[in-house]
Each structure stands twice: as C-alpha cells, then as structure tokens.
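Q: Dumping the structure here so I can ask a few things about it.
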Amino acid sequence: MPHYKSLEKRSLELEEIQLKLRYVFLPFLGFSIGAILFYNIVRWILDIYLGIWPLKDTVWNLILPIIISIILVLVIMRARIQFLRFELFADNSANIFYLVMILALFPSISISQSYLYKAIYDTVGIRNISDIKLHPKQKYFQVDNKSVERQGTVSHISTREMGKSRQELKIDLYSATPFYGDKDIWWGQVFTKTIDNNLVEKEKIQQIEGFIKISTQQYANKEISTADYFEKLQNSDTKQGYLEAIKLSGQQYINDPIILISQLGTLKEKADKELAKFFRFFIIGMFICLLLILKAKIDKKALQQFKVR
C-alpha cells in the first residue's frame, strides 16, 4: 500500500511537471524565440535595409526590447502565469514570474541587436577616407590612407547625475579631429569618468579638470594608424555628443558630419563574441525561468479556467 501511494504521488508530480512545461515554459520559450527573430527582422528591414526608421540606438537596443519583453510577459503570457502559485506569496505569485521572465528575456533581445549590427555588415576596404561617401549604407571600413589634422581637434564635455539620490556624476568628454582631405569626416573618441556628486564644489571641479587634462593628453598621443578598422556611428546619443563638439569648429554642414571610431581586431571576432554572449544570457535566463516554473504549484481551478477559454 505505501508503495502504491508512492507511485501515485510520483505519477501526479510527473503529470504536474508536464502541465507546467506544456502550458507555461514551452510557450514562453517559443514566444521568446519568435519575438527575438521577429524584432531582428523588423529592424533589419526598417533600419538597415530601407533606412526609413532611423531611431537612436538607445531606442532600438534598450527601450523597444524592454517594451517587447513587458508585452510578451504581461499580455501574452499573463493567463498562463495566473495558475502558478508559490505558498509563500499566494495570490502575488504572478508578480514574481512577471519580474523574472522580463529580466530573463530583455537582455537577450538587447544583445541580439549588437550581434545583428556586427553580423549583417562586411568591412569595406577603401583607399581614401572620402571614399566612405560612396558607401552610405555601410558601417565598417578599412582605410589605406588615414591621417588627421591634429590642430583641428575639438572637444565637448557633458555631465549627468546618476543614482537614486543623484550621488554620482558621470562625465563624458567627446574629442573629434577632422581627416586630411575631407573635413566632413571626423575621427572621434569618448572618455568617461564617474565621480562622487557629493564632493564639495572645489574638489569636484578639480577632479573634472584633472580628468579633462589626462583624457586630452591620451587622445593627443593616440595613433590613428593602430586602428584595424573604423566604425561609422549611426544615430545615437554618442554621435550627438561628437556633433556638439564639432559645432565648436565653426564649420557649417548641410548634413551631419560622418564620425568614425577606431576599432581593434576583426568584425567577425566581435560578432562571434556577441553571439556567444547572446546564447549565454538566453540559456541562463530560460533555465532560471524553468526552475522557477517547476518549483511552483499549479492552481487546478485557475488551470481549468484557462483551458476552457
């Protein structure tokens, strides 16, 4: 008799696991993969191929992935999550799943955008820097003749308070130098430092001035010839920082100048790293969700209501 009860208990546990997998985990896994693929296809069509929706990188890489993650979990998965319960949280159990699932999905969607931009483009070899204008839809370039007019260097500094109590001050110094032969194309580098925002004003100014001095010297000593290839900046907050610096040059432009950033290594190496990073985050996130789902209990009444919908 005890052996029979043990078998019956195991059978019920196995049935419950199958229900959790069938109605919650596998649909979430499928919807997540579908959302990532769909979002990447949409961005490739609208942003890369057609160029008709040139949103800032912050929107593509952060804001929209967050919105997609929230919609998928709170709208599409909501009814399926409702019949999972934790004894400790009772009716608030769904909130735990909402939070964990959103945090599991969002990083993967965001990282996939970085991989997309590195995998979809080739590195274009050109002889002169002005030849970049012949390839308006390309993003990465190897340049044979590359030299800059150091005396034309301009810089822009921006500060932003961070943290709940604004206890940190982030400082960004954007430095840009025009290339020889085409002053519509600039070579840029950004330097970043975070300091304690609660410092007395005098000490804060000293730290900022010291940071500017060191960063300016580092930029002046950097050799452009060490770059393996250049990345052309798209519409982004980073590019806007360089444009603010270039305004100080006094030159007038009909269109925004082209900003190039030095890169080391190869584009393929970076794409492979982003792909590995994507799979790492996706697998870990899904595994955590699986453990959470298997740990929960099923509310049979709520499950029955879901089935008859």
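So you can find residues: chains in the structure tokens are A, B, ... in the order shown, residues in each start at 1, and ligands are numbered from 1 in order.
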DSSP on the backbone, strand (DSSP E or B) only: what residues of range 69-103 of chain A does that give? Format it as a PDB file with N, CA and C atoms, in the first residue's frame.

A:
```pdb
ATOM      1  N   LEU A  84      -0.065  29.488 -11.695  1.00  0.00           N
ATOM      2  CA  LEU A  84       1.104  29.049 -10.932  1.00  0.00           C
ATOM      3  C   LEU A  84       1.118  29.761  -9.584  1.00  0.00           C
ATOM      4  N   ARG A  85       1.432  29.012  -8.547  1.00  0.00           N
ATOM      5  CA  ARG A  85       1.380  29.563  -7.194  1.00  0.00           C
ATOM      6  C   ARG A  85       2.627  29.178  -6.391  1.00  0.00           C
ATOM      7  N   PHE A  86       3.061  30.119  -5.558  1.00  0.00           N
ATOM      8  CA  PHE A  86       4.036  29.839  -4.514  1.00  0.00           C
ATOM      9  C   PHE A  86       3.313  29.988  -3.176  1.00  0.00           C
ATOM     10  N   ALA A  90       1.347  33.318  -2.364  1.00  0.00           N
ATOM     11  CA  ALA A  90      -0.081  33.119  -2.636  1.00  0.00           C
ATOM     12  C   ALA A  90      -0.522  33.841  -3.911  1.00  0.00           C
TER      13      ALA A  90
END
```

Q: Which residues come within 9 Å of range 42-54 of chain A, counting only C-alpha atoms, excluding same-chain residues fewer than 5 positions away, as a VMD selection string?

A: chain A and resid 37 60 113 116 to 117 120 137 234 to 235

Q: So how far away is CA of Ser262 in chain A from CA of Tyr174 in chain A, in Å?

A: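 Between CA of Tyr174 in chain A and CA of Ser262 in chain A the gap is 13.8 Å.
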
Q: With distances taken over only C-alpha atoms, which residue among A:Ser112, A:Ile205, A:Leu19, A:Asp91 lies nearest Ile41 in chain A?

A: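 Of the candidates, the smallest distance to Ile41 in chain A is held by A:Ser112.
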
Q: Find the residues around Ser165 in chain A up to 12 Å (only C-alpha atoms counted), leave out those fewer than 5 positions away in its own chain, and share them as a list in words.

A: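 Residues meeting the cut-off are Asp196, Asn197 and Asn198 of chain A.
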
Q: List the spatial neighbours of range 216-220 of chain A as a VMD selection string - criterion: any atom at most 12 Å away, only C-alpha atoms, same-chain residues fewer than 2 positions off excluded.

A: chain A and resid 148 to 157 173 to 177 187 to 192 209 to 214 222 to 224 262

Q: Restricting the output to C-alpha atoms, write the selected residues as a JSON list (two decimals), in the first residue's frame.

A:
```
[["chain", "number", "residue", "atom", "x", "y", "z"],
["A", 148, "VAL", "CA", 44.08, 63.60, -39.36],
["A", 149, "GLU", "CA", 44.57, 67.33, -38.84],
["A", 150, "ARG", "CA", 45.54, 67.42, -35.17],
["A", 151, "GLN", "CA", 45.31, 71.20, -35.00],
["A", 152, "GLY", "CA", 41.60, 70.92, -35.81],
["A", 153, "THR", "CA", 40.74, 68.87, -32.71],
["A", 154, "VAL", "CA", 37.64, 69.99, -30.82],
["A", 155, "SER", "CA", 36.09, 68.66, -27.60],
["A", 156, "HIS", "CA", 32.74, 68.72, -25.85],
["A", 157, "ILE", "CA", 32.06, 67.73, -22.25],
["A", 173, "LEU", "CA", 34.48, 64.03, -22.89],
["A", 174, "TYR", "CA", 33.94, 63.82, -26.65],
["A", 175, "SER", "CA", 37.04, 64.59, -28.75],
["A", 176, "ALA", "CA", 36.92, 64.79, -32.56],
["A", 177, "THR", "CA", 39.53, 65.54, -35.23],
["A", 187, "TRP", "CA", 37.82, 60.72, -36.08],
["A", 188, "GLY", "CA", 36.41, 60.54, -32.58],
["A", 189, "GLN", "CA", 36.95, 59.09, -29.14],
["A", 190, "VAL", "CA", 34.96, 59.45, -25.95],
["A", 191, "PHE", "CA", 36.40, 59.36, -22.43],
["A", 192, "THR", "CA", 34.20, 58.64, -19.43],
["A", 209, "GLU", "CA", 39.69, 69.39, -14.70],
["A", 210, "GLY", "CA", 42.16, 66.59, -13.96],
["A", 211, "PHE", "CA", 40.08, 64.12, -15.97],
["A", 212, "ILE", "CA", 39.91, 66.53, -18.93],
["A", 213, "LYS", "CA", 43.66, 67.12, -18.84],
["A", 214, "ILE", "CA", 44.57, 63.41, -18.76],
["A", 222, "LYS", "CA", 46.85, 58.07, -29.69],
["A", 223, "GLU", "CA", 47.99, 56.97, -33.14],
["A", 224, "ILE", "CA", 45.24, 56.56, -35.72],
["A", 262, "SER", "CA", 38.78, 53.27, -34.20]]
```

Q: Find, counting only C-alpha atoms, the residue in A:Leu74, A:Ile111, A:Leu233, A:Ile283 that gets nearest to Gln138 in chain A.

A: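 Among the listed residues, A:Leu233 lies closest to Gln138 in chain A.
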
Q: Could you check the closest approach to Phe97 in chain A for each of A:Ile68, A:Lys20, A:Phe281, A:Cys289 and tell me which residue wins, using only C-alpha atoms?

A: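 Going through A:Ile68, A:Lys20, A:Phe281, A:Cys289 one by one, the smallest distance to Phe97 in chain A is for A:Cys289.
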